[in-house]
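**Q** What follows is work-v2.txt, compact mmCIF, C-alpha atoms and all ligand atoms.
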# COMPACT_ATOMS: atom_id res chain seq x y z
CA MET A 1 0.00 0.00 0.00
CA HIS A 2 1.25 3.47 -0.88
CA THR A 3 2.19 5.36 2.27
CA ALA A 4 0.20 8.45 1.25
CA SER A 5 -3.07 6.59 0.66
CA GLY A 6 -6.11 7.14 2.83
CA LEU A 7 -6.69 10.10 5.08
CA ILE A 8 -3.68 11.62 6.81
CA ILE A 9 -4.02 14.38 9.39
CA GLU A 10 -0.81 15.87 10.71
CA GLY A 11 -0.70 18.24 13.67
CA ALA A 12 -4.09 19.75 12.85
CA GLY A 13 -5.31 22.56 15.05
CA LYS A 14 -8.20 24.99 15.06
CA THR A 15 -8.45 28.20 17.02
CA PHE A 16 -11.67 30.17 16.61
CA ARG A 17 -11.22 33.92 16.84
CA ALA A 18 -14.50 35.76 17.03
CA GLY A 19 -14.40 39.56 17.13
CA GLY A 20 -13.86 40.94 20.64
CA ARG A 21 -13.83 37.55 22.40
CA ASP A 22 -10.90 35.47 23.62
CA PRO A 23 -9.63 32.99 21.03
CA ARG A 24 -11.10 29.52 21.51
CA VAL A 25 -8.76 26.58 20.93
CA ALA A 26 -11.09 23.85 19.64
CA LEU A 27 -8.43 21.42 18.42
CA GLU A 28 -4.71 21.11 19.02
CA GLY A 29 -2.03 18.89 17.49
CA VAL A 30 -4.31 16.19 16.12
CA SER A 31 -2.47 13.59 14.02
CA LEU A 32 -4.14 10.47 12.75
CA GLN A 33 -4.27 8.13 9.77
CA LEU A 34 -7.22 6.30 8.29
CA PRO A 35 -6.25 3.67 5.70
CA PRO A 36 -8.49 3.09 2.65
CA GLY A 37 -11.46 0.80 3.20
CA GLN A 38 -11.57 1.32 6.96
CA VAL A 39 -14.25 2.86 9.14
CA GLY A 40 -12.87 5.44 11.56
CA VAL A 41 -14.98 6.85 14.37
CA LEU A 42 -14.35 10.20 16.09
CA LEU A 43 -15.58 9.69 19.64
CA GLY A 44 -15.44 11.96 22.64
CA PRO A 45 -17.43 14.15 25.01
CA SER A 46 -19.58 17.01 23.81
CA GLY A 47 -17.54 19.99 22.64
CA CYS A 48 -14.24 18.10 22.16
CA GLY A 49 -14.07 19.16 18.52
CA LYS A 50 -15.38 16.09 16.67
CA SER A 51 -17.55 18.07 14.26
CA THR A 52 -14.85 20.68 13.78
CA LEU A 53 -12.35 17.98 12.79
CA LEU A 54 -14.85 16.35 10.43
CA ARG A 55 -15.64 19.71 8.84
CA MET A 56 -11.91 20.30 8.39
CA VAL A 57 -11.64 16.98 6.53
CA ALA A 58 -14.66 18.02 4.44
CA GLY A 59 -12.87 21.27 3.62
CA LEU A 60 -15.65 23.34 5.21
CA GLU A 61 -13.40 24.59 7.99
CA GLU A 62 -9.80 25.71 7.51
CA PRO A 63 -7.21 24.41 9.98
CA THR A 64 -5.22 27.10 11.77
CA ALA A 65 -2.33 24.65 12.17
CA GLY A 66 -1.16 21.44 10.53
CA ALA A 67 -2.19 19.77 7.30
CA LEU A 68 -4.63 17.20 5.94
CA SER A 69 -4.42 15.03 2.84
CA LEU A 70 -6.59 12.43 1.16
CA ASN A 71 -4.89 9.82 -1.01
CA GLY A 72 -1.86 12.03 -1.36
CA ARG A 73 -3.72 15.25 -2.25
CA PRO A 74 -3.79 18.14 0.25
CA VAL A 75 -7.26 19.09 1.49
CA THR A 76 -7.70 22.77 0.66
CA GLY A 77 -11.49 23.05 0.41
CA PRO A 78 -14.60 21.01 -0.33
CA GLY A 79 -14.26 18.46 -3.13
CA ARG A 80 -16.08 15.65 -4.89
CA ASP A 81 -13.61 13.14 -3.49
CA ARG A 82 -15.42 13.53 -0.16
CA GLY A 83 -19.15 13.03 0.49
CA MET A 84 -20.87 14.26 3.62
CA VAL A 85 -23.99 12.95 5.39
CA PHE A 86 -25.35 15.13 8.20
CA GLN A 87 -27.55 14.27 11.17
CA SER A 88 -30.49 16.18 9.74
CA TYR A 89 -31.96 14.66 6.62
CA THR A 90 -30.75 16.68 3.72
CA SER A 91 -32.96 15.45 0.88
CA PHE A 92 -34.61 17.85 -1.56
CA PRO A 93 -38.33 17.82 -0.66
CA TRP A 94 -39.47 18.52 -4.22
CA LEU A 95 -37.64 15.51 -5.69
CA THR A 96 -38.59 11.84 -5.41
CA VAL A 97 -36.26 9.33 -3.79
CA ARG A 98 -34.90 8.30 -7.19
CA GLN A 99 -34.45 11.92 -8.31
CA ASN A 100 -32.72 12.76 -5.03
CA VAL A 101 -30.24 9.93 -5.46
CA ALA A 102 -29.67 10.93 -9.10
CA TYR A 103 -29.25 14.61 -8.29
CA GLY A 104 -25.55 14.70 -7.51
CA LEU A 105 -24.78 12.61 -10.56
CA LYS A 106 -26.84 14.83 -12.81
CA ILE A 107 -24.78 17.88 -12.11
CA THR A 108 -21.51 16.05 -12.74
CA GLY A 109 -22.73 14.87 -16.16
CA ASP A 110 -22.05 11.15 -15.90
CA HIS A 111 -23.04 9.06 -18.89
CA SER A 112 -26.80 8.45 -18.53
CA SER A 113 -26.87 4.61 -18.56
CA LEU A 114 -24.01 4.44 -16.07
CA ARG A 115 -25.82 7.03 -14.01
CA GLU A 116 -29.08 5.07 -13.98
CA GLY A 117 -27.19 1.92 -13.05
CA ALA A 118 -25.52 3.66 -10.13
CA VAL A 119 -28.81 5.18 -8.96
CA GLU A 120 -30.65 1.83 -8.99
CA HIS A 121 -27.70 0.07 -7.39
CA PHE A 122 -27.62 2.41 -4.40
CA ILE A 123 -31.42 2.60 -4.07
CA GLN A 124 -31.35 -1.17 -3.71
CA ALA A 125 -28.33 -1.10 -1.41
CA VAL A 126 -30.30 1.05 1.06
CA ARG A 127 -33.46 -1.00 0.40
CA LEU A 128 -35.63 1.84 -0.89
CA GLN A 129 -36.72 0.25 -4.17
CA ASP A 130 -40.36 0.07 -3.02
CA VAL A 131 -40.51 3.80 -2.34
CA ALA A 132 -38.24 5.03 -5.13
CA ASP A 133 -41.01 7.26 -6.55
CA ALA A 134 -42.15 8.66 -3.19
CA TYR A 135 -41.27 12.12 -1.89
CA PRO A 136 -39.21 12.63 1.30
CA HIS A 137 -42.20 13.86 3.37
CA GLU A 138 -43.85 10.47 2.75
CA LEU A 139 -40.92 8.64 4.37
CA SER A 140 -39.82 7.87 7.92
CA GLY A 141 -36.70 9.46 9.41
CA GLY A 142 -34.66 6.29 8.86
CA MET A 143 -35.76 6.10 5.23
CA ARG A 144 -34.90 9.74 4.64
CA GLN A 145 -31.45 9.17 6.07
CA ARG A 146 -31.07 6.21 3.72
CA VAL A 147 -31.85 8.54 0.80
CA ALA A 148 -29.05 10.83 1.94
CA ILE A 149 -26.63 7.91 2.23
CA ALA A 150 -27.57 6.53 -1.21
CA ARG A 151 -27.24 9.97 -2.78
CA THR A 152 -23.81 10.48 -1.28
CA LEU A 153 -22.53 6.98 -2.13
CA ALA A 154 -23.79 7.21 -5.73
CA ASN A 155 -21.14 9.88 -6.25
CA HIS A 156 -18.44 7.32 -5.35
CA PRO A 157 -16.60 9.49 -2.85
CA GLU A 158 -13.14 8.32 -1.81
CA LEU A 159 -14.12 9.19 1.73
CA LEU A 160 -17.60 9.19 3.25
CA LEU A 161 -17.96 11.68 6.10
CA MET A 162 -20.85 11.32 8.53
CA ASP A 163 -21.70 13.66 11.39
CA GLU A 164 -23.84 11.72 13.90
CA PRO A 165 -25.85 10.34 10.99
CA PHE A 166 -28.18 8.24 13.14
CA GLY A 167 -28.40 10.57 16.14
CA ALA A 168 -31.99 11.60 15.41
CA LEU A 169 -33.32 8.05 15.02
CA ASP A 170 -35.00 5.77 17.56
CA PRO A 171 -32.75 2.95 18.88
CA GLU A 172 -34.29 0.16 16.78
CA THR A 173 -34.02 2.13 13.51
CA ARG A 174 -30.56 3.24 14.52
CA TRP A 175 -29.39 -0.36 14.87
CA GLN A 176 -30.88 -1.28 11.52
CA MET A 177 -29.14 1.69 9.91
CA GLN A 178 -25.79 0.81 11.48
CA GLU A 179 -26.09 -2.73 10.16
CA LEU A 180 -27.10 -1.51 6.73
CA LEU A 181 -24.23 0.97 6.61
CA LEU A 182 -21.71 -1.65 7.65
CA GLY A 183 -23.00 -4.05 4.98
CA ILE A 184 -22.69 -1.41 2.28
CA VAL A 185 -19.26 -0.09 3.22
CA ARG A 186 -17.83 -3.61 3.47
CA LYS A 187 -19.21 -4.47 0.04
CA GLU A 188 -18.19 -1.19 -1.62
CA ARG A 189 -14.93 -0.94 0.36
CA THR A 190 -15.79 2.64 1.25
CA THR A 191 -13.53 4.57 3.60
CA VAL A 192 -15.67 6.23 6.27
CA LEU A 193 -15.00 8.82 8.96
CA LEU A 194 -17.94 9.11 11.31
CA VAL A 195 -18.65 11.30 14.33
CA SER A 196 -20.39 9.67 17.27
CA HIS A 197 -20.74 10.15 20.98
CA ASP A 198 -22.21 6.68 21.42
CA ILE A 199 -19.76 4.02 22.64
CA GLU A 200 -21.76 1.07 21.31
CA GLU A 201 -22.04 2.68 17.87
CA ALA A 202 -18.32 3.43 17.83
CA LEU A 203 -17.31 -0.12 18.77
CA TYR A 204 -19.86 -1.70 16.43
CA LEU A 205 -18.99 0.37 13.36
CA GLY A 206 -15.35 1.33 13.87
CA ASP A 207 -12.25 -0.49 12.64
CA VAL A 208 -10.50 2.25 14.54
CA VAL A 209 -11.88 4.62 17.17
CA PHE A 210 -10.18 7.97 17.70
CA PHE A 211 -10.98 9.16 21.20
CA LEU A 212 -10.67 12.92 21.57
CA SER A 213 -10.22 14.75 24.84
CA SER A 214 -11.72 18.17 25.40
CA HIS A 215 -10.47 21.67 26.23
CA PRO A 216 -8.68 21.69 23.94
CA GLY A 217 -9.58 18.80 21.65
CA ARG A 218 -6.61 16.46 21.36
CA LEU A 219 -6.33 12.88 20.21
CA ARG A 220 -6.16 11.06 23.51
CA GLU A 221 -6.27 7.43 22.45
CA VAL A 222 -6.54 5.26 19.35
CA ILE A 223 -8.64 2.17 20.04
CA ARG A 224 -8.78 -0.77 17.63
CA PRO A 225 -11.60 -3.21 18.38
CA ASP A 226 -9.71 -6.00 16.62
CA PHE A 227 -11.62 -8.67 18.57
CA LYS A 228 -14.48 -8.15 16.11
CA LYS A 229 -12.82 -10.47 13.62
CA ASP A 230 -13.70 -13.33 16.02
CA VAL A 231 -17.39 -12.35 16.00
CA PRO A 232 -19.70 -13.31 13.10
CA ALA A 233 -20.36 -10.22 10.94
CA GLY A 234 -23.49 -8.38 12.01
CA ASP A 235 -24.04 -10.48 15.17
CA ARG A 236 -24.58 -7.62 17.57
CA GLU A 237 -25.47 -9.82 20.52
CA ALA A 238 -22.27 -11.84 20.21
CA LEU A 239 -20.37 -8.58 19.97
CA LEU A 240 -21.94 -7.04 23.08
CA ASP A 241 -21.31 -10.28 24.95
CA HIS A 242 -17.64 -10.53 24.04
CA PRO A 243 -15.33 -10.00 27.05
CA GLU A 244 -13.13 -7.67 25.02
CA TYR A 245 -16.15 -5.55 24.09
CA ARG A 246 -17.05 -5.21 27.74
CA ARG A 247 -13.47 -4.28 28.61
CA LEU A 248 -13.27 -1.59 25.92
CA ASP A 249 -16.74 -0.29 26.75
CA MET A 250 -15.70 0.11 30.40
CA HIS A 251 -12.39 1.68 29.41
CA ILE A 252 -14.07 4.27 27.17
CA ARG A 253 -16.69 5.02 29.84
CA ARG A 254 -13.81 5.77 32.19
CA LEU A 255 -12.20 8.08 29.62
CA MET A 256 -15.55 9.82 29.10
CA SER A 257 -16.08 10.41 32.81
CA GLU A 258 -12.52 11.70 33.24
CA GLU A 259 -13.14 14.11 30.37
CA GLY A 260 -16.52 15.05 31.80
CA SER A 261 -14.91 16.04 35.07
CA THR A 262 -12.61 18.46 33.22
CA GLN A 263 -15.40 20.03 31.18
CA GLY A 264 -16.16 23.66 31.71
CA GLN A 265 -12.52 24.52 32.36
CA PRO A 266 -11.28 27.40 30.24
CA ALA A 267 -9.77 26.43 26.90
N1 LIG B 1 -17.78 28.67 14.52
C1 LIG B 1 -17.33 28.60 15.78
N2 LIG B 1 -16.93 29.68 16.45
C2 LIG B 1 -16.45 29.60 17.71
N3 LIG B 1 -16.32 28.46 18.40
C3 LIG B 1 -16.69 27.33 17.78
C4 LIG B 1 -17.23 27.32 16.44
N4 LIG B 1 -17.50 26.04 16.10
C5 LIG B 1 -17.19 25.29 17.17
N5 LIG B 1 -16.69 26.06 18.17
C6 LIG B 1 -16.22 25.58 19.48
O1 LIG B 1 -15.26 24.56 19.25
C7 LIG B 1 -15.41 23.51 20.20
C8 LIG B 1 -15.65 22.20 19.50
O2 LIG B 1 -16.93 22.19 18.88
P1 LIG B 1 -17.47 20.95 18.04
O3 LIG B 1 -18.85 21.27 17.60
O4 LIG B 1 -16.48 20.58 17.03
O5 LIG B 1 -17.51 19.81 19.17
P2 LIG B 1 -18.20 18.38 19.15
O6 LIG B 1 -17.24 17.46 19.80
O7 LIG B 1 -18.62 18.05 17.76
O8 LIG B 1 -19.47 18.61 20.08
P3 LIG B 1 -20.90 17.85 20.12
O9 LIG B 1 -20.61 16.42 20.43
O10 LIG B 1 -21.60 18.55 21.23
O11 LIG B 1 -21.54 18.06 18.78
C9 LIG B 1 -16.55 23.92 21.12
O12 LIG B 1 -16.01 24.51 22.27
C10 LIG B 1 -17.32 24.93 20.30
O13 LIG B 1 -17.94 25.89 21.12
Let me see the structure of the file written as structure tokens.
**A**
Amino acid sequence: MHTASGLIIEGAGKTFRAGGRDPRVALEGVSLQLPPGQVGVLLGPSGCGKSTLLRMVAGLEEPTAGALSLNGRPVTGPGRDRGMVFQSYTSFPWLTVRQNVAYGLKITGDHSSLREGAVEHFIQAVRLQDVADAYPHELSGGMRQRVAIARTLANHPELLLMDEPFGALDPETRWQMQELLLGIVRKERTTVLLVSHDIEEALYLGDVVFFLSSHPGRLREVIRPDFKKDVPAGDREALLDHPEYRRLDMHIRRLMSEEGSTQGQPA
């Protein structure tokens, strides 16, 4: 594997300077690597800078220190090599499911038969074929989030960025969505960077979990739930029952409570 492949973040920092107020150091000296085809999870207490880091990778926020690159190219702004899915459902209400999924492809002018193939493929991947001609307001929250995922994946991003994508869903739908996502990214070999503050979600989805500390946000620990290779794919119960899962869960809870006790201190 080429050393520059995947996402590389080196010494990234972000200090917000709003007129008249003291500068706020949101992130400091964050270095991490996410190899192609892996799912990375940014986990940490509220306000530790997870969303800021994700937005920096998306090119929506400029780092005030350090550098980021994707597959050897520096990140200098938003680009089609990265696709973003937000917590709120970002479908166009006036377009059907199929038109929503096709939208991104339309504006990039892909060849039409290839485009239709990609649209149908991803509609099926997120299991929306029965409602492909419905409008977003006719769908449940989970379905609408699946539209957003299909639309983003149909553009074949090198890196899929997700900011608490299932945070607004009820637990049952959330589990289904996590399973669905994992199935798709394994099949498509998508590289994913996902923000979560849910330990179970992080350990279930992540090949690697980046735990951030707060005030300022730093990378405190890199956790690799490698024990998952001993658990049948998708068997959540076996996963939650695994002694190593319980150990990591406890360990992360401890990190969270340590961070919680330092919250509110000045940055
Ligand atoms: N545009 C901004 N201007 C000033 N400060 C900001 C801005 N955006 C974020 N911050 C600050 O940076 C820090 C990190 O915020 P961020 O939203 O990245 O954290 P988070 O870990 O994603 O939080 P949560 O889990 O609550 O969503 C916070 O202290 C926040 O107040």
**Q** What is the CA of Leu255 in chain A to CA of Cys48 in chain A distance in Å?
**A**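 Distance between the two atoms: 12.7 Å.
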**Q** For Gln176 in chain A, which of A:Gly72, A:Gly234, A:Gly217, A:Pro225 is the closest residue, counting only C-alpha atoms?
**A**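 Of the candidates, the smallest distance to Gln176 in chain A is held by A:Gly234.
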**Q** Quick one: of A:Asp130, A:Glu10, A:Glu259, A:Asp241, who's nearest to His215 in chain A, counting all atoms listed in the file?
**A**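 Among the listed residues, the smallest separation from His215 in chain A belongs to A:Glu259.
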**Q** Residues at most 9 Å from ligand LIG 1 (chain B), using only C-alpha atoms and all ligand atoms? Could they come as a PyMOL selection string?
**A** chain A and resi 14-18+23-27+42-55+61+163-164+195-197+212+214-217+267
**Q** Using only C-alpha atoms, tabulate the residues of range 168-212 of chain A lying at most 12 Å from any atom of range 5-9 of chain A, each with its closest atom pair and that distance in Å to one decimal, by chain and increasing residue number, as JSON lines.
**A**
{"residue": "A:Thr190", "atom": "CA", "partner": "A:Gly6", "partner_atom": "CA", "distance": 10.8}
{"residue": "A:Thr191", "atom": "CA", "partner": "A:Gly6", "partner_atom": "CA", "distance": 7.9}
{"residue": "A:Val192", "atom": "CA", "partner": "A:Leu7", "partner_atom": "CA", "distance": 9.9}
{"residue": "A:Leu193", "atom": "CA", "partner": "A:Leu7", "partner_atom": "CA", "distance": 9.3}
**Q** In Å, rounded to a single decimal, give me how far CA of Pro78 in chain A is from CA of Leu60 in chain A.
**A**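 So the answer is 6.1 Å.
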**Q** Pick from A:Tyr204, A:Trp94, A:Phe227, A:Phe86: nearest to His137 in chain A, with all atoms listed in the file counted?
**A** A:Trp94
**Q** Give the answer as one residue: which of A:Val30, A:Arg80, A:Phe166, A:Leu159 has the shortest atom-to-atom distance to Met143 in chain A, using all atoms listed in the file?
**A**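 Closest candidate: A:Phe166.
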**Q** Which polymer residues have any atom within 9 Å of an atom of Gln145 in chain A, counting all atoms listed in the file, with same-chain residues fewer than 2 positions away left out, as a PyMOL selection string?
**A** chain A and resi 85-91+140-143+147-150+165-166+177
**Q** Identify, on the basis of all atoms listed in the file, every residue whose closest approach to Asp226 in chain A does not exceed 9 Å; exclude the query and any residue fewer than 4 positions from it along the same chain; express the result as a list of chain:residue names.
**A**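 Non-adjacent residues within range: A:Asp207, A:Val208, A:Asp230.
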**Q** Keeping C-alpha atoms, write range 167-206 of chain A of the structure just shown out as a PDB file, in the first residue's frame.
**A**
ATOM      1  CA  GLY A 167     -28.401  10.566  16.140  1.00  0.00           C
ATOM      2  CA  ALA A 168     -31.989  11.602  15.407  1.00  0.00           C
ATOM      3  CA  LEU A 169     -33.322   8.051  15.017  1.00  0.00           C
ATOM      4  CA  ASP A 170     -35.000   5.773  17.559  1.00  0.00           C
ATOM      5  CA  PRO A 171     -32.753   2.955  18.881  1.00  0.00           C
ATOM      6  CA  GLU A 172     -34.286   0.163  16.776  1.00  0.00           C
ATOM      7  CA  THR A 173     -34.018   2.133  13.511  1.00  0.00           C
ATOM      8  CA  ARG A 174     -30.557   3.243  14.519  1.00  0.00           C
ATOM      9  CA  TRP A 175     -29.387  -0.364  14.873  1.00  0.00           C
ATOM     10  CA  GLN A 176     -30.876  -1.279  11.523  1.00  0.00           C
ATOM     11  CA  MET A 177     -29.143   1.688   9.910  1.00  0.00           C
ATOM     12  CA  GLN A 178     -25.790   0.810  11.484  1.00  0.00           C
ATOM     13  CA  GLU A 179     -26.087  -2.734  10.162  1.00  0.00           C
ATOM     14  CA  LEU A 180     -27.101  -1.512   6.734  1.00  0.00           C
ATOM     15  CA  LEU A 181     -24.226   0.966   6.605  1.00  0.00           C
ATOM     16  CA  LEU A 182     -21.710  -1.652   7.653  1.00  0.00           C
ATOM     17  CA  GLY A 183     -23.003  -4.053   4.983  1.00  0.00           C
ATOM     18  CA  ILE A 184     -22.688  -1.412   2.276  1.00  0.00           C
ATOM     19  CA  VAL A 185     -19.261  -0.091   3.220  1.00  0.00           C
ATOM     20  CA  ARG A 186     -17.830  -3.613   3.475  1.00  0.00           C
ATOM     21  CA  LYS A 187     -19.206  -4.465   0.035  1.00  0.00           C
ATOM     22  CA  GLU A 188     -18.193  -1.187  -1.624  1.00  0.00           C
ATOM     23  CA  ARG A 189     -14.926  -0.936   0.357  1.00  0.00           C
ATOM     24  CA  THR A 190     -15.787   2.639   1.252  1.00  0.00           C
ATOM     25  CA  THR A 191     -13.528   4.569   3.603  1.00  0.00           C
ATOM     26  CA  VAL A 192     -15.666   6.233   6.269  1.00  0.00           C
ATOM     27  CA  LEU A 193     -14.999   8.816   8.957  1.00  0.00           C
ATOM     28  CA  LEU A 194     -17.944   9.108  11.305  1.00  0.00           C
ATOM     29  CA  VAL A 195     -18.653  11.300  14.335  1.00  0.00           C
ATOM     30  CA  SER A 196     -20.390   9.669  17.274  1.00  0.00           C
ATOM     31  CA  HIS A 197     -20.736  10.147  20.981  1.00  0.00           C
ATOM     32  CA  ASP A 198     -22.215   6.685  21.419  1.00  0.00           C
ATOM     33  CA  ILE A 199     -19.758   4.022  22.637  1.00  0.00           C
ATOM     34  CA  GLU A 200     -21.760   1.072  21.308  1.00  0.00           C
ATOM     35  CA  GLU A 201     -22.041   2.679  17.873  1.00  0.00           C
ATOM     36  CA  ALA A 202     -18.320   3.430  17.833  1.00  0.00           C
ATOM     37  CA  LEU A 203     -17.309  -0.120  18.767  1.00  0.00           C
ATOM     38  CA  TYR A 204     -19.865  -1.697  16.432  1.00  0.00           C
ATOM     39  CA  LEU A 205     -18.986   0.368  13.363  1.00  0.00           C
ATOM     40  CA  GLY A 206     -15.351   1.325  13.867  1.00  0.00           C
TER      41      GLY A 206
END
